[in-house]
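Novice: Take this structure first; my questions come after.
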Amino acid sequence: MPADWKAAWDIIVELENHGFSSFIVGGAVRDYVLDKPPGDIDIATTARVEDVQHIFPHVVDVGVDHGTVLVPTTSDVIEVTQFRGEVNLNDVDRSLREDLARRDFTLNAMALTKSGEIIDPFGGKDDLQRRVLRAVENPSDRFEEDPLRLLRALRFAHQYQLSIDQDTERAVYTYSENIQEVAVERIANELEKMTQSSLTYQSMMALLSSPVMQALEGLKVKELYEKLKQNRVHFVVDSSLLLWSLLSFDWNNETSAREVLGTFKRSKALRKDVREIHDIALQTRREGWSSWLLYQLGKERLEASEVIRALIDHNQPNVALLHDRFCKLPIQNKKELAVNGKMLIEKLSIDHRSEIGDGLRRIEKAVVSGEVVNQKEAIYEWLKGGK
Ligand code: ATP
Ligand code: MG
């Protein structure tokens, strides 16, 4: 077993020493078959939560209802869950199969024993080799049980470059509308995971034309699809910030659709970022990219604004050039300013809070735009000049 798995291995040995059969299951086994380092490692066991708590006193209880606990290790936190379905201690093979049968796709329905044997009752390994995504047993049943799997199908197909098996794909079409029943947080989580593998123009088009995505109310899926169809821009979506910025912009009216991120319960910080990205995209269309606008957005966010601007203007984004300009700005954030509020109070005897704030903002703007150099004395002189 590879070294990254050592912590999981130790837990399995400990559980087995107490008489509980245990296996690595789910995504980590898929990664093992693909010879990739595992993401999070999940263990399925015959032990109940109480047994796991007894064996590992420092476990974190996350969902006793689901029989899951987190076991902290020196390098990681490992999820240990009692077998899904009926647990028969006298027939571990059957119990394990029942657990695996309750998973979504064949590639996620394999188990790994401590001796490195792969237990694969639904042909996940074969499917991975053929690069096919296939639901476990009857696809309609799987999507009816949990419509989030519709979106997960798109995610895994994208992430691992798989084609979707015909029967599974047919069921995706049939049940696509059911995605609306799923909690927004779960949907948002899958969408964000989607960007962990960069979405190219083609993968964006494939995603946006899927009936599952189109059934997602609130997001500007169809509008974005049309926009991309009219204007084949060169960019990849590799951050959730960019994805949310694109999916929450009202392409028909060229305005920021602010309520979208609220509907999907995204954080205040993300909402603020996206609002500024949208506002500045619209502003740059009128005024071009000034140093001040670049500075306000910062390196991480300016790509999203530039992509939106280019999509509206029907031309190509020039992110590399803007990154270059950003890196050459006299300062890249407020902390680099040669003066601070305390200095202004001492030097200029202004002590009103709002005056200090306004003053600093004016200085910041002047330094960024090259009106004054970022040196204390130069800034004081500039201020004395009545600025
Ligand atoms: P990732 O590498 O993105 O974490 P993953 O396959 O590990 O992918 P998780 O969401 O972490 O996905 O879930 C772990 C495992 O639990 C999956 O591999 C799958 O076996 C099972 N699983 C997760 N969500 C579902 C679901 N909605 N329906 C059925 N099985 C699921
Ligand atoms: Mg996982």
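Every chain in the structure tokens has a letter given in the order shown (A, B, ...), and although residue numbers restart at 1 in each chain, ligands are simply numbered from 1 in the order shown.
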Going by DSSP on the backbone, which bits of range 35-185 of chain A are helix (DSSP H, G or I)? Write them as JSON, numbers by chain, please.
Specialist: {"A": [49, 50, 51, 52, 53, 54, 55, 64, 65, 66, 92, 93, 94, 95, 96, 97, 98, 99, 100, 101, 106, 107, 108, 124, 125, 126, 127, 128, 129, 130, 139, 140, 141, 142, 143, 144, 145, 148, 149, 150, 151, 152, 153, 154, 155, 156, 157, 158, 159, 166, 167, 168, 169, 170, 171, 172, 173, 174, 175, 176, 177, 178, 179, 180, 181, 184, 185]}
Novice: Would you list the contacts of Gly262 in chain A as an MDAnalysis selection string, taking every protein, DNA or RNA residue within 9 Å and counting only C-alpha atoms, but skipping same-chain residues closer than 5 positions in sequence?
Specialist: chainID A and resid 267:268 271
Novice: Take the residues from that selection and put them in a file with N, CA and C atoms, as a short mmCIF file (atom, residue, chain, number, x, y, z; two decimals), in the first residue's frame.
Specialist:
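What landed in result23.cif:
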data_model
loop_
_atom_site.label_atom_id
_atom_site.label_comp_id
_atom_site.auth_asym_id
_atom_site.auth_seq_id
_atom_site.Cartn_x
_atom_site.Cartn_y
_atom_site.Cartn_z
N SER A 267 -21.06 32.44 0.56
CA SER A 267 -20.61 33.30 1.67
C SER A 267 -20.68 34.77 1.29
N LYS A 268 -20.72 35.60 2.32
CA LYS A 268 -20.73 37.05 2.11
C LYS A 268 -19.49 37.47 1.34
N ARG A 271 -19.84 36.72 -2.28
CA ARG A 271 -20.80 37.63 -2.90
C ARG A 271 -20.18 39.00 -3.15
#
Novice: Check the smallest atom-to-atom distance from each of A:Lys220, A:Phe143, A:Lys227, A:Glu79 to Arg258 in chain A using only C-alpha atoms, then report the winner.
Specialist: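 Smallest distance to Arg258 in chain A is found for A:Lys220.
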Novice: List the spatial neighbours of Thr174 in chain A as number ranges by chain - criterion: any atom at most 12 Å away, only C-alpha atoms, same-chain residues fewer than 6 positions off excluded.
Specialist: A: 139-141, 143-144, 147, 150, 167-168, 210-212, 215
Novice: Would you please give, as a ChimeraX atom specification, all residues of range 2-138 of chain A that DSSP assigns to strand (DSSP E or B) based on the backbone?
Specialist: /A:22-25,42-45,60-63,68-72,77-82,105,111-112,118-119,132-133,135
Novice: I'd like the contact shell of Leu191 in chain A - 12 Å cut-off, only C-alpha atoms, skipping same-chain residues fewer than 5 positions apart - returned as a PDB file with N, CA and C atoms, in the first residue's frame.
Specialist:
ATOM      1  N   LEU A 148     -28.894  14.383  -6.717  1.00  0.00           N
ATOM      2  CA  LEU A 148     -27.582  15.050  -6.789  1.00  0.00           C
ATOM      3  C   LEU A 148     -26.642  14.252  -7.705  1.00  0.00           C
ATOM      4  N   LEU A 150     -27.103  13.199 -10.480  1.00  0.00           N
ATOM      5  CA  LEU A 150     -27.158  13.710 -11.861  1.00  0.00           C
ATOM      6  C   LEU A 150     -25.992  14.660 -12.107  1.00  0.00           C
ATOM      7  N   LEU A 151     -25.788  15.530 -11.135  1.00  0.00           N
ATOM      8  CA  LEU A 151     -24.713  16.510 -11.257  1.00  0.00           C
ATOM      9  C   LEU A 151     -23.354  15.851 -11.030  1.00  0.00           C
ATOM     10  N   ARG A 152     -23.340  14.887 -10.125  1.00  0.00           N
ATOM     11  CA  ARG A 152     -22.096  14.140  -9.888  1.00  0.00           C
ATOM     12  C   ARG A 152     -21.675  13.391 -11.148  1.00  0.00           C
ATOM     13  N   ALA A 153     -22.653  12.909 -11.912  1.00  0.00           N
ATOM     14  CA  ALA A 153     -22.323  12.217 -13.169  1.00  0.00           C
ATOM     15  C   ALA A 153     -21.555  13.168 -14.088  1.00  0.00           C
ATOM     16  N   LEU A 154     -22.053  14.397 -14.209  1.00  0.00           N
ATOM     17  CA  LEU A 154     -21.380  15.374 -15.062  1.00  0.00           C
ATOM     18  C   LEU A 154     -19.990  15.678 -14.511  1.00  0.00           C
ATOM     19  N   ARG A 155     -19.925  15.792 -13.181  1.00  0.00           N
ATOM     20  CA  ARG A 155     -18.629  16.124 -12.575  1.00  0.00           C
ATOM     21  C   ARG A 155     -17.582  15.034 -12.822  1.00  0.00           C
ATOM     22  N   PHE A 156     -17.957  13.772 -12.545  1.00  0.00           N
ATOM     23  CA  PHE A 156     -16.954  12.709 -12.712  1.00  0.00           C
ATOM     24  C   PHE A 156     -16.584  12.541 -14.184  1.00  0.00           C
ATOM     25  N   HIS A 158     -16.461  14.825 -16.401  1.00  0.00           N
ATOM     26  CA  HIS A 158     -15.531  15.911 -16.716  1.00  0.00           C
ATOM     27  C   HIS A 158     -14.169  15.679 -16.069  1.00  0.00           C
ATOM     28  N   GLN A 159     -14.203  15.376 -14.778  1.00  0.00           N
ATOM     29  CA  GLN A 159     -12.951  15.271 -14.018  1.00  0.00           C
ATOM     30  C   GLN A 159     -12.034  14.166 -14.524  1.00  0.00           C
ATOM     31  N   VAL A 184     -29.577  23.384  -2.105  1.00  0.00           N
ATOM     32  CA  VAL A 184     -28.663  24.255  -2.854  1.00  0.00           C
ATOM     33  C   VAL A 184     -27.197  24.087  -2.426  1.00  0.00           C
ATOM     34  N   GLU A 185     -26.976  23.821  -1.143  1.00  0.00           N
ATOM     35  CA  GLU A 185     -25.594  23.678  -0.667  1.00  0.00           C
ATOM     36  C   GLU A 185     -24.896  22.493  -1.339  1.00  0.00           C
ATOM     37  N   ARG A 186     -25.650  21.406  -1.511  1.00  0.00           N
ATOM     38  CA  ARG A 186     -25.064  20.208  -2.141  1.00  0.00           C
ATOM     39  C   ARG A 186     -24.757  20.494  -3.609  1.00  0.00           C
ATOM     40  N   GLN A 196     -12.170  21.945  -9.932  1.00  0.00           N
ATOM     41  CA  GLN A 196     -10.864  21.413  -9.508  1.00  0.00           C
ATOM     42  C   GLN A 196     -10.094  20.825 -10.691  1.00  0.00           C
ATOM     43  N   SER A 197     -10.820  20.427 -11.741  1.00  0.00           N
ATOM     44  CA  SER A 197     -10.153  20.118 -13.007  1.00  0.00           C
ATOM     45  C   SER A 197     -10.603  21.215 -13.960  1.00  0.00           C
ATOM     46  N   LEU A 199     -12.000  23.652 -16.539  1.00  0.00           N
ATOM     47  CA  LEU A 199     -13.027  23.504 -17.574  1.00  0.00           C
ATOM     48  C   LEU A 199     -12.587  24.315 -18.790  1.00  0.00           C
ATOM     49  N   MET A 204     -16.953  23.538 -20.873  1.00  0.00           N
ATOM     50  CA  MET A 204     -17.994  24.484 -20.432  1.00  0.00           C
ATOM     51  C   MET A 204     -19.235  24.322 -21.300  1.00  0.00           C
ATOM     52  N   LEU A 207     -21.037  21.139 -20.459  1.00  0.00           N
ATOM     53  CA  LEU A 207     -21.699  21.261 -19.154  1.00  0.00           C
ATOM     54  C   LEU A 207     -22.970  22.104 -19.264  1.00  0.00           C
ATOM     55  N   LEU A 208     -22.840  23.268 -19.899  1.00  0.00           N
ATOM     56  CA  LEU A 208     -23.971  24.201 -19.949  1.00  0.00           C
ATOM     57  C   LEU A 208     -25.108  23.685 -20.832  1.00  0.00           C
ATOM     58  N   VAL A 212     -29.328  18.790 -17.126  1.00  0.00           N
ATOM     59  CA  VAL A 212     -29.247  18.887 -15.663  1.00  0.00           C
ATOM     60  C   VAL A 212     -28.889  20.324 -15.278  1.00  0.00           C
ATOM     61  N   MET A 213     -27.876  20.865 -15.937  1.00  0.00           N
ATOM     62  CA  MET A 213     -27.473  22.243 -15.641  1.00  0.00           C
ATOM     63  C   MET A 213     -28.593  23.201 -16.025  1.00  0.00           C
ATOM     64  N   LEU A 216     -31.302  23.807 -13.549  1.00  0.00           N
ATOM     65  CA  LEU A 216     -30.965  24.491 -12.299  1.00  0.00           C
ATOM     66  C   LEU A 216     -31.508  25.908 -12.316  1.00  0.00           C
ATOM     67  N   LEU A 219     -29.521  29.997 -11.824  1.00  0.00           N
ATOM     68  CA  LEU A 219     -28.242  30.244 -12.496  1.00  0.00           C
ATOM     69  C   LEU A 219     -28.478  30.647 -13.947  1.00  0.00           C
ATOM     70  N   VAL A 237     -11.964  27.732 -17.050  1.00  0.00           N
ATOM     71  CA  VAL A 237     -12.547  28.010 -15.742  1.00  0.00           C
ATOM     72  C   VAL A 237     -11.872  27.074 -14.740  1.00  0.00           C
ATOM     73  N   ASP A 238     -11.030  27.637 -13.906  1.00  0.00           N
ATOM     74  CA  ASP A 238     -10.303  26.784 -12.971  1.00  0.00           C
ATOM     75  C   ASP A 238     -10.431  27.273 -11.529  1.00  0.00           C
ATOM     76  N   SER A 239     -11.438  28.119 -11.300  1.00  0.00           N
ATOM     77  CA  SER A 239     -11.681  28.504  -9.907  1.00  0.00           C
ATOM     78  C   SER A 239     -13.182  28.662  -9.717  1.00  0.00           C
ATOM     79  N   SER A 240     -13.627  28.409  -8.483  1.00  0.00           N
ATOM     80  CA  SER A 240     -15.067  28.556  -8.265  1.00  0.00           C
ATOM     81  C   SER A 240     -15.453  30.032  -8.362  1.00  0.00           C
ATOM     82  N   LEU A 241     -14.511  30.925  -8.066  1.00  0.00           N
ATOM     83  CA  LEU A 241     -14.806  32.353  -8.187  1.00  0.00           C
ATOM     84  C   LEU A 241     -15.186  32.705  -9.634  1.00  0.00           C
ATOM     85  N   LEU A 242     -14.425  32.192 -10.572  1.00  0.00           N
ATOM     86  CA  LEU A 242     -14.727  32.475 -11.983  1.00  0.00           C
ATOM     87  C   LEU A 242     -16.044  31.822 -12.392  1.00  0.00           C
ATOM     88  N   LEU A 243     -16.246  30.595 -11.948  1.00  0.00           N
ATOM     89  CA  LEU A 243     -17.497  29.907 -12.324  1.00  0.00           C
ATOM     90  C   LEU A 243     -18.719  30.658 -11.784  1.00  0.00           C
ATOM     91  N   TRP A 244     -18.670  31.035 -10.514  1.00  0.00           N
ATOM     92  CA  TRP A 244     -19.816  31.763  -9.937  1.00  0.00           C
ATOM     93  C   TRP A 244     -19.981  33.126 -10.618  1.00  0.00           C
ATOM     94  N   LEU A 247     -21.750  32.411 -13.856  1.00  0.00           N
ATOM     95  CA  LEU A 247     -23.113  31.871 -13.737  1.00  0.00           C
ATOM     96  C   LEU A 247     -24.083  32.832 -13.051  1.00  0.00           C
ATOM     97  N   PHE A 264     -28.020  30.466  -3.714  1.00  0.00           N
ATOM     98  CA  PHE A 264     -27.170  29.296  -3.520  1.00  0.00           C
ATOM     99  C   PHE A 264     -26.382  29.340  -2.207  1.00  0.00           C
TER     100      PHE A 264
END
Novice: If you count only C-alpha atoms and all ligand atoms, which residues end up within 7 Å of ligand 1, as a PyMOL selection string?
Specialist: chain A and resi 25-28+39-40+42+102-104+108-109+146+148-149+193
Novice: With a distance cut-off of 12 Å and only C-alpha atoms, select the neighbouring residues of Ile312 in chain A, excluding the residue or stretch itself and same-chain residues fewer than 4 positions from it, and output the selection as a PyMOL selection string.
Specialist: chain A and resi 223-224+226-228+230-233+246+249-255+278+281-282+284-286+305-308+316-317
Novice: Please write the residues from the selection above to a file, keeping N, CA and C atoms, as an mmCIF file, in the first residue's frame.
Specialist:
data_model
loop_
_atom_site.group_PDB
_atom_site.id
_atom_site.type_symbol
_atom_site.label_atom_id
_atom_site.label_comp_id
_atom_site.auth_asym_id
_atom_site.auth_seq_id
_atom_site.Cartn_x
_atom_site.Cartn_y
_atom_site.Cartn_z
ATOM 1 N N GLU A 223 -28.260 31.506 -20.732
ATOM 2 C CA GLU A 223 -27.730 32.783 -21.231
ATOM 3 C C GLU A 223 -26.224 32.690 -21.459
ATOM 4 N N LEU A 224 -25.539 32.059 -20.508
ATOM 5 C CA LEU A 224 -24.086 31.946 -20.645
ATOM 6 C C LEU A 224 -23.741 31.046 -21.840
ATOM 7 N N GLU A 226 -25.462 30.634 -24.570
ATOM 8 C CA GLU A 226 -25.665 31.416 -25.802
ATOM 9 C C GLU A 226 -24.517 32.388 -26.026
ATOM 10 N N LYS A 227 -24.115 33.004 -24.949
ATOM 11 C CA LYS A 227 -23.033 33.990 -25.044
ATOM 12 C C LYS A 227 -21.745 33.324 -25.532
ATOM 13 N N LEU A 228 -21.438 32.161 -24.967
ATOM 14 C CA LEU A 228 -20.206 31.460 -25.350
ATOM 15 C C LEU A 228 -20.295 30.950 -26.789
ATOM 16 N N GLN A 230 -21.885 32.420 -29.230
ATOM 17 C CA GLN A 230 -21.680 33.559 -30.139
ATOM 18 C C GLN A 230 -20.219 33.981 -30.170
ATOM 19 N N ASN A 231 -19.512 33.711 -29.102
ATOM 20 C CA ASN A 231 -18.196 34.308 -28.944
ATOM 21 C C ASN A 231 -17.245 33.297 -28.325
ATOM 22 N N ARG A 232 -16.482 32.642 -29.156
ATOM 23 C CA ARG A 232 -15.619 31.563 -28.682
ATOM 24 C C ARG A 232 -14.353 32.142 -28.051
ATOM 25 N N VAL A 233 -14.427 32.395 -26.772
ATOM 26 C CA VAL A 233 -13.283 33.027 -26.122
ATOM 27 C C VAL A 233 -12.286 31.975 -25.632
ATOM 28 N N LEU A 246 -19.400 33.874 -13.656
ATOM 29 C CA LEU A 246 -20.023 33.680 -14.977
ATOM 30 C C LEU A 246 -21.482 33.258 -14.856
ATOM 31 N N PHE A 249 -23.975 36.266 -13.712
ATOM 32 C CA PHE A 249 -24.057 37.523 -14.466
ATOM 33 C C PHE A 249 -25.273 37.440 -15.385
ATOM 34 N N ASP A 250 -26.044 38.518 -15.431
ATOM 35 C CA ASP A 250 -27.240 38.513 -16.278
ATOM 36 C C ASP A 250 -26.820 38.937 -17.690
ATOM 37 N N TRP A 251 -26.545 37.945 -18.537
ATOM 38 C CA TRP A 251 -25.958 38.205 -19.860
ATOM 39 C C TRP A 251 -26.911 38.940 -20.784
ATOM 40 N N ASN A 252 -28.205 38.741 -20.601
ATOM 41 C CA ASN A 252 -29.156 39.403 -21.504
ATOM 42 C C ASN A 252 -29.260 40.892 -21.225
ATOM 43 N N ASN A 253 -29.229 41.221 -19.938
ATOM 44 C CA ASN A 253 -29.372 42.635 -19.600
ATOM 45 C C ASN A 253 -28.058 43.301 -19.238
ATOM 46 N N GLU A 254 -27.000 42.505 -19.314
ATOM 47 C CA GLU A 254 -25.661 43.006 -18.988
ATOM 48 C C GLU A 254 -25.612 43.706 -17.626
ATOM 49 N N THR A 255 -26.130 43.003 -16.649
ATOM 50 C CA THR A 255 -26.069 43.510 -15.276
ATOM 51 C C THR A 255 -25.686 42.357 -14.337
ATOM 52 N N HIS A 278 -18.189 41.964 -11.210
ATOM 53 C CA HIS A 278 -19.209 42.392 -12.187
ATOM 54 C C HIS A 278 -19.154 43.909 -12.392
ATOM 55 N N ALA A 281 -16.112 44.881 -14.322
ATOM 56 C CA ALA A 281 -16.207 44.440 -15.734
ATOM 57 C C ALA A 281 -16.986 45.481 -16.531
ATOM 58 N N LEU A 282 -18.086 45.943 -15.951
ATOM 59 C CA LEU A 282 -18.928 46.919 -16.664
ATOM 60 C C LEU A 282 -18.215 48.264 -16.771
ATOM 61 N N THR A 284 -14.932 48.766 -16.866
ATOM 62 C CA THR A 284 -13.816 48.722 -17.835
ATOM 63 C C THR A 284 -14.323 48.823 -19.269
ATOM 64 N N ARG A 285 -15.536 48.418 -19.503
ATOM 65 C CA ARG A 285 -16.093 48.548 -20.869
ATOM 66 C C ARG A 285 -16.195 50.025 -21.222
ATOM 67 N N ARG A 286 -16.524 50.832 -20.228
ATOM 68 C CA ARG A 286 -16.684 52.270 -20.492
ATOM 69 C C ARG A 286 -15.338 52.985 -20.488
ATOM 70 N N SER A 305 -13.209 39.497 -14.258
ATOM 71 C CA SER A 305 -13.754 40.733 -14.842
ATOM 72 C C SER A 305 -13.411 40.833 -16.317
ATOM 73 N N GLU A 306 -12.164 40.497 -16.645
ATOM 74 C CA GLU A 306 -11.714 40.631 -18.029
ATOM 75 C C GLU A 306 -12.444 39.634 -18.940
ATOM 76 N N VAL A 307 -12.693 38.432 -18.439
ATOM 77 C CA VAL A 307 -13.415 37.436 -19.243
ATOM 78 C C VAL A 307 -14.845 37.918 -19.500
ATOM 79 N N ILE A 308 -15.471 38.450 -18.477
ATOM 80 C CA ILE A 308 -16.846 38.945 -18.651
ATOM 81 C C ILE A 308 -16.869 40.117 -19.629
ATOM 82 N N GLN A 316 -11.387 38.872 -27.439
ATOM 83 C CA GLN A 316 -10.660 37.945 -26.558
ATOM 84 C C GLN A 316 -10.191 38.640 -25.276
ATOM 85 N N PRO A 317 -10.241 37.924 -24.160
ATOM 86 C CA PRO A 317 -9.685 38.514 -22.931
ATOM 87 C C PRO A 317 -8.159 38.559 -23.027
#
Novice: Just the residues within 12 Å of Arg30 in chain A, please, counting only C-alpha atoms, with nothing from its chain fewer than 6 positions along; format it as JSON, numbers by chain.
Specialist: {"A": [24, 36, 37, 38, 39, 40, 41, 42, 105, 106, 107, 108, 109, 110, 111, 112, 118, 119, 120, 123, 124, 125, 126, 127, 128, 129, 133, 156, 160]}
Novice: Would you write out those residues with N, CA, C and O atoms, as a compact mmCIF listing (two decimals), in the first residue's frame?
Specialist:
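again-v4.txt, written as the output of this step:
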# COMPACT_ATOMS: atom_id res chain seq x y z
N ILE A 24 -10.98 0.26 2.75
CA ILE A 24 -11.00 1.60 2.17
C ILE A 24 -12.03 1.55 1.06
O ILE A 24 -12.09 0.58 0.30
N LYS A 36 -3.39 7.51 -8.79
CA LYS A 36 -3.30 8.92 -8.39
C LYS A 36 -3.25 9.00 -6.88
O LYS A 36 -3.79 8.13 -6.20
N PRO A 37 -2.65 10.06 -6.32
CA PRO A 37 -2.69 10.19 -4.86
C PRO A 37 -4.14 10.39 -4.41
O PRO A 37 -4.90 11.07 -5.10
N PRO A 38 -4.52 9.79 -3.29
CA PRO A 38 -5.92 9.90 -2.87
C PRO A 38 -6.26 11.30 -2.37
O PRO A 38 -5.40 12.01 -1.87
N GLY A 39 -7.52 11.69 -2.54
CA GLY A 39 -8.04 12.90 -1.89
C GLY A 39 -8.33 12.48 -0.46
O GLY A 39 -7.45 11.96 0.23
N ASP A 40 -9.57 12.66 -0.03
CA ASP A 40 -9.87 12.18 1.32
C ASP A 40 -10.08 10.66 1.29
O ASP A 40 -10.55 10.11 0.32
N ILE A 41 -9.68 10.02 2.40
CA ILE A 41 -9.80 8.55 2.45
C ILE A 41 -10.97 8.17 3.36
O ILE A 41 -11.10 8.68 4.47
N ASP A 42 -11.83 7.32 2.83
CA ASP A 42 -12.97 6.86 3.62
C ASP A 42 -12.79 5.38 3.95
O ASP A 42 -12.38 4.60 3.10
N PHE A 105 -21.73 5.47 -8.63
CA PHE A 105 -21.20 5.00 -9.90
C PHE A 105 -20.20 3.87 -9.68
O PHE A 105 -19.59 3.79 -8.60
N THR A 106 -20.03 3.04 -10.69
CA THR A 106 -19.18 1.85 -10.50
C THR A 106 -17.78 2.24 -10.06
O THR A 106 -17.18 1.55 -9.26
N LEU A 107 -17.26 3.35 -10.60
CA LEU A 107 -15.90 3.76 -10.23
C LEU A 107 -15.78 4.16 -8.77
O LEU A 107 -14.67 4.19 -8.22
N ASN A 108 -16.92 4.48 -8.15
CA ASN A 108 -16.93 4.86 -6.73
C ASN A 108 -17.41 3.71 -5.85
O ASN A 108 -17.62 3.89 -4.65
N ALA A 109 -17.64 2.55 -6.45
CA ALA A 109 -18.24 1.44 -5.69
C ALA A 109 -17.28 0.27 -5.58
O ALA A 109 -17.65 -0.89 -5.74
N MET A 110 -16.02 0.59 -5.32
CA MET A 110 -15.01 -0.46 -5.13
C MET A 110 -14.46 -0.34 -3.71
O MET A 110 -14.53 0.73 -3.10
N ALA A 111 -13.91 -1.45 -3.22
CA ALA A 111 -13.29 -1.43 -1.89
C ALA A 111 -11.87 -1.99 -2.00
O ALA A 111 -11.58 -2.77 -2.92
N LEU A 112 -11.03 -1.58 -1.07
CA LEU A 112 -9.63 -2.02 -1.07
C LEU A 112 -9.35 -2.67 0.28
O LEU A 112 -9.62 -2.06 1.32
N ILE A 118 -8.57 -5.57 -4.60
CA ILE A 118 -9.68 -4.68 -4.91
C ILE A 118 -10.96 -5.50 -5.02
O ILE A 118 -11.01 -6.48 -5.76
N ILE A 119 -11.97 -5.10 -4.27
CA ILE A 119 -13.26 -5.77 -4.33
C ILE A 119 -14.17 -4.91 -5.19
O ILE A 119 -14.39 -3.73 -4.88
N ASP A 120 -14.64 -5.49 -6.27
CA ASP A 120 -15.24 -4.66 -7.32
C ASP A 120 -16.46 -5.39 -7.92
O ASP A 120 -16.43 -5.83 -9.07
N GLY A 123 -17.93 -3.89 -11.47
CA GLY A 123 -17.10 -3.68 -12.67
C GLY A 123 -16.54 -2.27 -12.81
O GLY A 123 -16.36 -1.77 -13.93
N GLY A 124 -16.24 -1.63 -11.70
CA GLY A 124 -15.70 -0.27 -11.73
C GLY A 124 -14.34 -0.17 -12.41
O GLY A 124 -14.06 0.77 -13.14
N LYS A 125 -13.51 -1.20 -12.17
CA LYS A 125 -12.16 -1.16 -12.72
C LYS A 125 -12.21 -1.23 -14.25
O LYS A 125 -11.53 -0.45 -14.94
N ASP A 126 -13.04 -2.12 -14.73
CA ASP A 126 -13.23 -2.25 -16.19
C ASP A 126 -13.73 -0.95 -16.78
O ASP A 126 -13.24 -0.49 -17.81
N ASP A 127 -14.72 -0.37 -16.11
CA ASP A 127 -15.30 0.89 -16.61
C ASP A 127 -14.24 1.98 -16.65
O ASP A 127 -14.17 2.74 -17.61
N LEU A 128 -13.41 2.01 -15.61
CA LEU A 128 -12.35 3.03 -15.59
C LEU A 128 -11.38 2.80 -16.75
O LEU A 128 -10.94 3.75 -17.40
N GLN A 129 -11.05 1.52 -16.99
CA GLN A 129 -10.14 1.23 -18.10
C GLN A 129 -10.75 1.62 -19.45
O GLN A 129 -10.06 2.11 -20.33
N LEU A 133 -18.36 6.14 -17.48
CA LEU A 133 -19.04 6.38 -16.21
C LEU A 133 -20.37 5.65 -16.24
O LEU A 133 -21.19 5.87 -17.14
N PHE A 156 -17.96 13.77 -12.54
CA PHE A 156 -16.95 12.71 -12.71
C PHE A 156 -16.58 12.54 -14.18
O PHE A 156 -15.42 12.29 -14.51
N TYR A 160 -12.63 13.05 -14.93
CA TYR A 160 -11.81 11.91 -15.35
C TYR A 160 -11.91 11.65 -16.85
O TYR A 160 -11.48 10.60 -17.32
Novice: Go through A:Arg94, A:Asp324, A:Asp31, A:Ile179 and flag the residue nearest ligand 2, using only C-alpha atoms and all ligand atoms for the distances.
Specialist: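 Checking each candidate against ligand 2, we get A:Asp31 as the closest.
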Novice: Looking at only C-alpha atoms and all ligand atoms, which of A:Glu190, A:Glu259, A:Glu364, A:Glu145 is the one that sits closest to ligand 2?
Specialist: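 Answer, going by the shortest atom-to-atom distance: A:Glu190.
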Novice: Using only C-alpha atoms, pick whichever of A:Gln214, A:Gln375, A:Asn189, A:Thr195 has the shortest atom-to-atom distance to Glu177 in chain A.
Specialist: A:Gln214
Novice: Which residue is closest to Ser290 in chain A? Choose from A:His314, A:Arg325, A:Arg48, A:Lys265 and count only C-alpha atoms.
Specialist: A:Arg325
Novice: Can you list, as a ChimeraX atom specification, every protein, DNA or RNA residue that comes within 7 Å of Tyr201 in chain A when you count only C-alpha atoms, leaving out same-chain residues fewer than 3 positions away?
Specialist: /A:204-205,235-236
Novice: Can you write out the residues you just picked, keeping N, CA, C and O atoms, as a PDB file, in the first residue's frame?
Specialist:
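To be explicit, this is the file written out as result_2.pdb:
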ATOM      1  N   MET A 204     -16.953  23.538 -20.873  1.00  0.00           N
ATOM      2  CA  MET A 204     -17.994  24.484 -20.432  1.00  0.00           C
ATOM      3  C   MET A 204     -19.235  24.322 -21.300  1.00  0.00           C
ATOM      4  O   MET A 204     -20.362  24.290 -20.789  1.00  0.00           O
ATOM      5  N   MET A 205     -19.032  24.219 -22.619  1.00  0.00           N
ATOM      6  CA  MET A 205     -20.182  24.095 -23.525  1.00  0.00           C
ATOM      7  C   MET A 205     -20.938  22.793 -23.241  1.00  0.00           C
ATOM      8  O   MET A 205     -22.165  22.771 -23.220  1.00  0.00           O
ATOM      9  N   PHE A 235     -10.374  30.794 -22.777  1.00  0.00           N
ATOM     10  CA  PHE A 235     -10.127  30.866 -21.343  1.00  0.00           C
ATOM     11  C   PHE A 235     -10.515  29.535 -20.726  1.00  0.00           C
ATOM     12  O   PHE A 235     -11.225  28.747 -21.342  1.00  0.00           O
ATOM     13  N   VAL A 236      -9.978  29.265 -19.549  1.00  0.00           N
ATOM     14  CA  VAL A 236     -10.400  28.066 -18.832  1.00  0.00           C
ATOM     15  C   VAL A 236     -10.970  28.480 -17.481  1.00  0.00           C
ATOM     16  O   VAL A 236     -10.521  29.459 -16.886  1.00  0.00           O
TER      17      VAL A 236
END
Novice: When distances are computed from only C-alpha atoms and all ligand atoms, which of A:Leu100, A:Ile43, A:Ala171, A:Ala7 shows the smallest separation from ligand 2?
Specialist: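 Looking at the shortest contact to ligand 2, the residue is A:Ile43.
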Novice: For the atom pair CA of Arg134 in chain A and CA of Tyr175 in chain A, what is the interatomic distance in Å to one decimal place?
Specialist: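 Distance between the two atoms: 15.3 Å.
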